[in-house]
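Take a look at the structure set out below.
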Amino acid sequence: MQNKGAIRFFTIVLALVSIYQLLFTVFAQKVERDAKKYAQGDVRLERSYLDSMKSEVVYNVLVKKYTYQDCKEREINMGLDLKGGMNVILEIAVEDIIRSLAAPQFLTDPVFTETMSTAQQMKQSSTRDFIDIFAEAFETNNPGGQLAQFFMTPETRGDIDFNTTNSEVVVYLKREAEDAINNSYNVLRNRIDKFGVVQLNIQKMERQGRILIELPGVKEPERVAKLLTGTANLEFWTTYQNVEIWREIEQANNALAGILKAEDMLGADEFVAEEVTGALQEDILTGEEESLFELQDEELLLDTTGLDFLSDIDTSADFSTEEAQFIRENPLFAILRPYVDNTGNLIQTCVV
């Protein structure tokens, strides 16, 4: 009898625990059914309804309250076979990684382009790593050639030089490709997290450059595909210390100040232009001749083409007299202020 009592006790406990766990799925599905009924087939309304319910309590066990988001995280994992969804295999373009690592001057080199073309053709009928195929294609097209010449850049200094063997270059390329694939893996996982998929399966496949993604319950395949295949361009710019480009910036400032000064001299009194125009008309009427140089000088007084781009510099009364004078004498520094310390010396920092 005691054994039967213990069995009955554990059976009841197991049943209660099972019901407790199943109710997470029941309440989560109830909210989703309500969302479908509310949306009437409108995917956006359905998603908006579910988003609004994430923080709402839908399962109350007296001692503990669970929101819809809590229930989604604890519901039974039914997978793609039971729940449906999306199965995606993404392939990282390893050939683009190789191009990004190559020195720019070799991207159009006949040997490099021919090697890349041959490797891409060989890839169609092979399951091997693309970098191995690339190295084999290079040795086939250029026996005894040095693969390192394509990848000697300031960024690879210390890893690749004239003494680096082809096998060492292959090891370096594989390491860089693996880093790029790992970065892509992390980016994809972060992007997918935005959908709130809790039964996500994402893994790198044996073949280098391929990532398998399973998204159970996803109902917007177009939106997911657009998000997963989106690209970003990370660029690096060479920068200079302030002291390295200070002289050029100062010369540009002085040149602009000279143009503004000439504009002031030309536009201070409108009657100057009128007098010159009148003098020209009088010369024509009287038949007096002037030299070509004199006419050119008078044209220069009238021509202000090319100075309009400086008209946006504000020297109105909103500024004090000293500030307005500084702007007229330093038009570039009024917009682009050099980074200096309290003593007026340039601070050691980088600018583009």
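How things are named: the first chain in the structure tokens is A, the next is B, and so on; residues count from 1 in each chain; ligands count from 1 in the order shown.
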Exercise for the section: Can you pull out every residue within 8 Å of Val94 in chain A, counting only C-alpha atoms, but drop anything in the same chain fewer than 4 positions away, and send it as number ranges by chain? Expected result: A: 98, 130-131, 177, 209
Neighbouring residues of Leu90 in chain A were defined as those with any atom within 10 Å, considering only C-alpha atoms; residues of the same chain fewer than 5 positions away were excluded. Please report them as a tab-separated table (two decimals) with C-alpha atoms, in the first residue's frame.
chain	number	residue	atom	x	y	z
A	185	TYR	CA	27.15	34.79	-37.66
A	188	LEU	CA	22.68	37.48	-38.18
A	204	LYS	CA	27.60	27.17	-39.04
A	205	MET	CA	27.74	24.30	-41.50
A	209	GLY	CA	31.00	30.15	-45.46
A	210	ARG	CA	27.56	28.59	-45.00
A	211	ILE	CA	25.17	29.32	-42.13
A	212	LEU	CA	21.93	27.41	-41.48
A	213	ILE	CA	19.03	29.33	-39.94
A	228	LEU	CA	19.01	38.73	-43.33
A	229	THR	CA	20.47	39.69	-46.69
Problem - Filtered DSSP result for range 109-269 of chain A, state helix (DSSP H, G or I), as a PyMOL selection string - result: chain A and resi 110-123+130-141+147-151+154-156+166-193+221-228+242-267
Output file for the residues above (C-alpha atoms, as a tab-separated table (two decimals), in the first residue's frame):
chain	number	residue	atom	x	y	z
A	110	PRO	CA	45.64	39.75	-65.14
A	111	VAL	CA	47.13	36.96	-63.02
A	112	PHE	CA	44.86	37.74	-60.06
A	113	THR	CA	41.68	38.10	-62.13
A	114	GLU	CA	42.43	34.92	-64.10
A	115	THR	CA	43.10	33.01	-60.88
A	116	MET	CA	39.83	34.23	-59.36
A	117	SER	CA	37.89	33.33	-62.51
A	118	THR	CA	39.44	29.84	-62.62
A	119	ALA	CA	38.72	29.29	-58.92
A	120	GLN	CA	35.07	30.28	-59.35
A	121	GLN	CA	34.70	27.79	-62.21
A	122	MET	CA	36.34	25.03	-60.16
A	123	LYS	CA	34.05	25.81	-57.24
A	130	PHE	CA	37.23	28.09	-51.74
A	131	ILE	CA	40.56	29.35	-50.42
A	132	ASP	CA	42.16	25.97	-51.17
A	133	ILE	CA	40.64	26.10	-54.65
A	134	PHE	CA	41.96	29.64	-55.12
A	135	ALA	CA	45.49	28.59	-54.13
A	136	GLU	CA	45.34	25.59	-56.47
A	137	ALA	CA	44.12	27.76	-59.35
A	138	PHE	CA	46.98	30.20	-58.75
A	139	GLU	CA	49.61	27.46	-58.86
A	140	THR	CA	48.00	26.03	-62.00
A	141	ASN	CA	47.95	29.36	-63.84
A	147	LEU	CA	50.88	34.33	-53.77
A	148	ALA	CA	52.07	36.76	-51.10
A	149	GLN	CA	52.56	39.56	-53.64
A	150	PHE	CA	48.79	40.04	-53.89
A	151	PHE	CA	48.28	40.54	-50.16
A	154	PRO	CA	49.94	48.03	-44.61
A	155	GLU	CA	47.17	46.05	-42.89
A	156	THR	CA	48.94	42.70	-43.41
A	166	ASN	CA	51.97	30.16	-50.42
A	167	SER	CA	50.87	27.73	-47.71
A	168	GLU	CA	51.34	30.43	-45.06
A	169	VAL	CA	49.26	32.84	-47.15
A	170	VAL	CA	46.51	30.22	-47.34
A	171	VAL	CA	46.57	29.85	-43.54
A	172	TYR	CA	46.31	33.64	-43.17
A	173	LEU	CA	43.41	33.87	-45.64
A	174	LYS	CA	41.53	31.07	-43.87
A	175	ARG	CA	41.98	32.78	-40.52
A	176	GLU	CA	40.67	36.08	-41.86
A	177	ALA	CA	37.77	34.35	-43.62
A	178	GLU	CA	36.85	32.51	-40.42
A	179	ASP	CA	36.83	35.81	-38.51
A	180	ALA	CA	34.57	37.35	-41.16
A	181	ILE	CA	32.21	34.36	-41.01
A	182	ASN	CA	32.05	34.55	-37.21
A	183	ASN	CA	31.24	38.25	-37.43
A	184	SER	CA	28.49	37.51	-39.96
A	185	TYR	CA	27.15	34.79	-37.66
A	186	ASN	CA	26.91	37.24	-34.75
A	187	VAL	CA	25.32	39.93	-36.93
A	188	LEU	CA	22.68	37.48	-38.18
A	189	ARG	CA	21.86	36.32	-34.67
A	190	ASN	CA	21.46	39.92	-33.49
A	191	ARG	CA	19.21	40.71	-36.45
A	192	ILE	CA	17.02	37.66	-35.85
A	193	ASP	CA	16.64	38.56	-32.18
A	221	PRO	CA	9.33	35.58	-45.05
A	222	GLU	CA	9.87	38.62	-47.28
A	223	ARG	CA	10.68	40.87	-44.34
A	224	VAL	CA	12.99	38.26	-42.82
A	225	ALA	CA	14.79	37.66	-46.12
A	226	LYS	CA	15.32	41.39	-46.58
A	227	LEU	CA	16.71	41.76	-43.08
A	228	LEU	CA	19.01	38.73	-43.33
A	242	ASN	CA	46.28	68.64	-36.75
A	243	VAL	CA	49.90	69.74	-36.97
A	244	GLU	CA	50.32	67.84	-40.27
A	245	ILE	CA	47.60	69.74	-42.14
A	246	TRP	CA	47.59	73.02	-40.22
A	247	ARG	CA	49.62	74.88	-42.86
A	248	GLU	CA	47.24	73.86	-45.68
A	249	ILE	CA	44.16	74.83	-43.65
A	250	GLU	CA	45.71	78.19	-42.80
A	251	GLN	CA	46.50	78.85	-46.48
A	252	ALA	CA	42.90	78.03	-47.43
A	253	ASN	CA	41.64	80.39	-44.71
A	254	ASN	CA	43.87	83.21	-45.96
A	255	ALA	CA	42.76	82.64	-49.55
A	256	LEU	CA	39.08	82.87	-48.56
A	257	ALA	CA	39.79	86.00	-46.52
A	258	GLY	CA	41.40	87.58	-49.60
A	259	ILE	CA	38.34	86.78	-51.70
A	260	LEU	CA	36.03	88.33	-49.10
A	261	LYS	CA	38.20	91.43	-48.94
A	262	ALA	CA	38.03	91.80	-52.72
A	263	GLU	CA	34.26	91.37	-52.56
A	264	ASP	CA	34.02	94.15	-49.97
A	265	MET	CA	36.03	96.47	-52.18
A	266	LEU	CA	33.81	95.70	-55.17
A	267	GLY	CA	30.44	95.81	-53.43
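Computed from the coordinates, the CA of Pro216 in chain A to CA of Asn201 in chain A distance equals 8.7 Å.
For the set A:Ala324, A:Ile12, A:Leu45, A:Val88, the residue with the smallest atom-to-atom gap to Val218 in chain A is A:Val88, counting only C-alpha atoms.
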Residues flagged strand (DSSP E) by DSSP in range 94-208 of chain A, as a compact mmCIF listing (two decimals) with C-alpha atoms, in the first residue's frame:
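Here's the written file part_24.txt:
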# COMPACT_ATOMS: atom_id res chain seq x y z
CA ASN A 201 18.29 27.43 -34.57
CA ILE A 202 21.34 29.01 -36.19
CA GLN A 203 24.54 27.11 -36.82
CA LYS A 204 27.60 27.17 -39.04
Practice task
Considering only C-alpha atoms, state which residue in the set A:Ile7, A:Met53, A:Val61, A:Ala334 is at the smallest distance from Ile19 in chain A.
Solution key: A:Val61
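Restricting the calculation to only C-alpha atoms, the smallest distance between Gln29 in chain A and any of A:Glu75, A:Arg44, A:Val63, A:Lys54 is found for A:Glu75.
Take CA of Gln40 in chain A and CA of Ser52 in chain A: the distance between them is 16.8 Å.
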Exercise for the section: Using only C-alpha atoms, determine which residues lie at most 12 Å from Ser48 in chain A, disregarding the query and same-chain residues fewer than 6 positions distant; provide the list as a ChimeraX atom specification. Expected result: /A:32,35-36,38-39,42,54
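Across the model, the gap from CA of Gln69 in chain A to CA of Ser55 in chain A is 6.7 Å.
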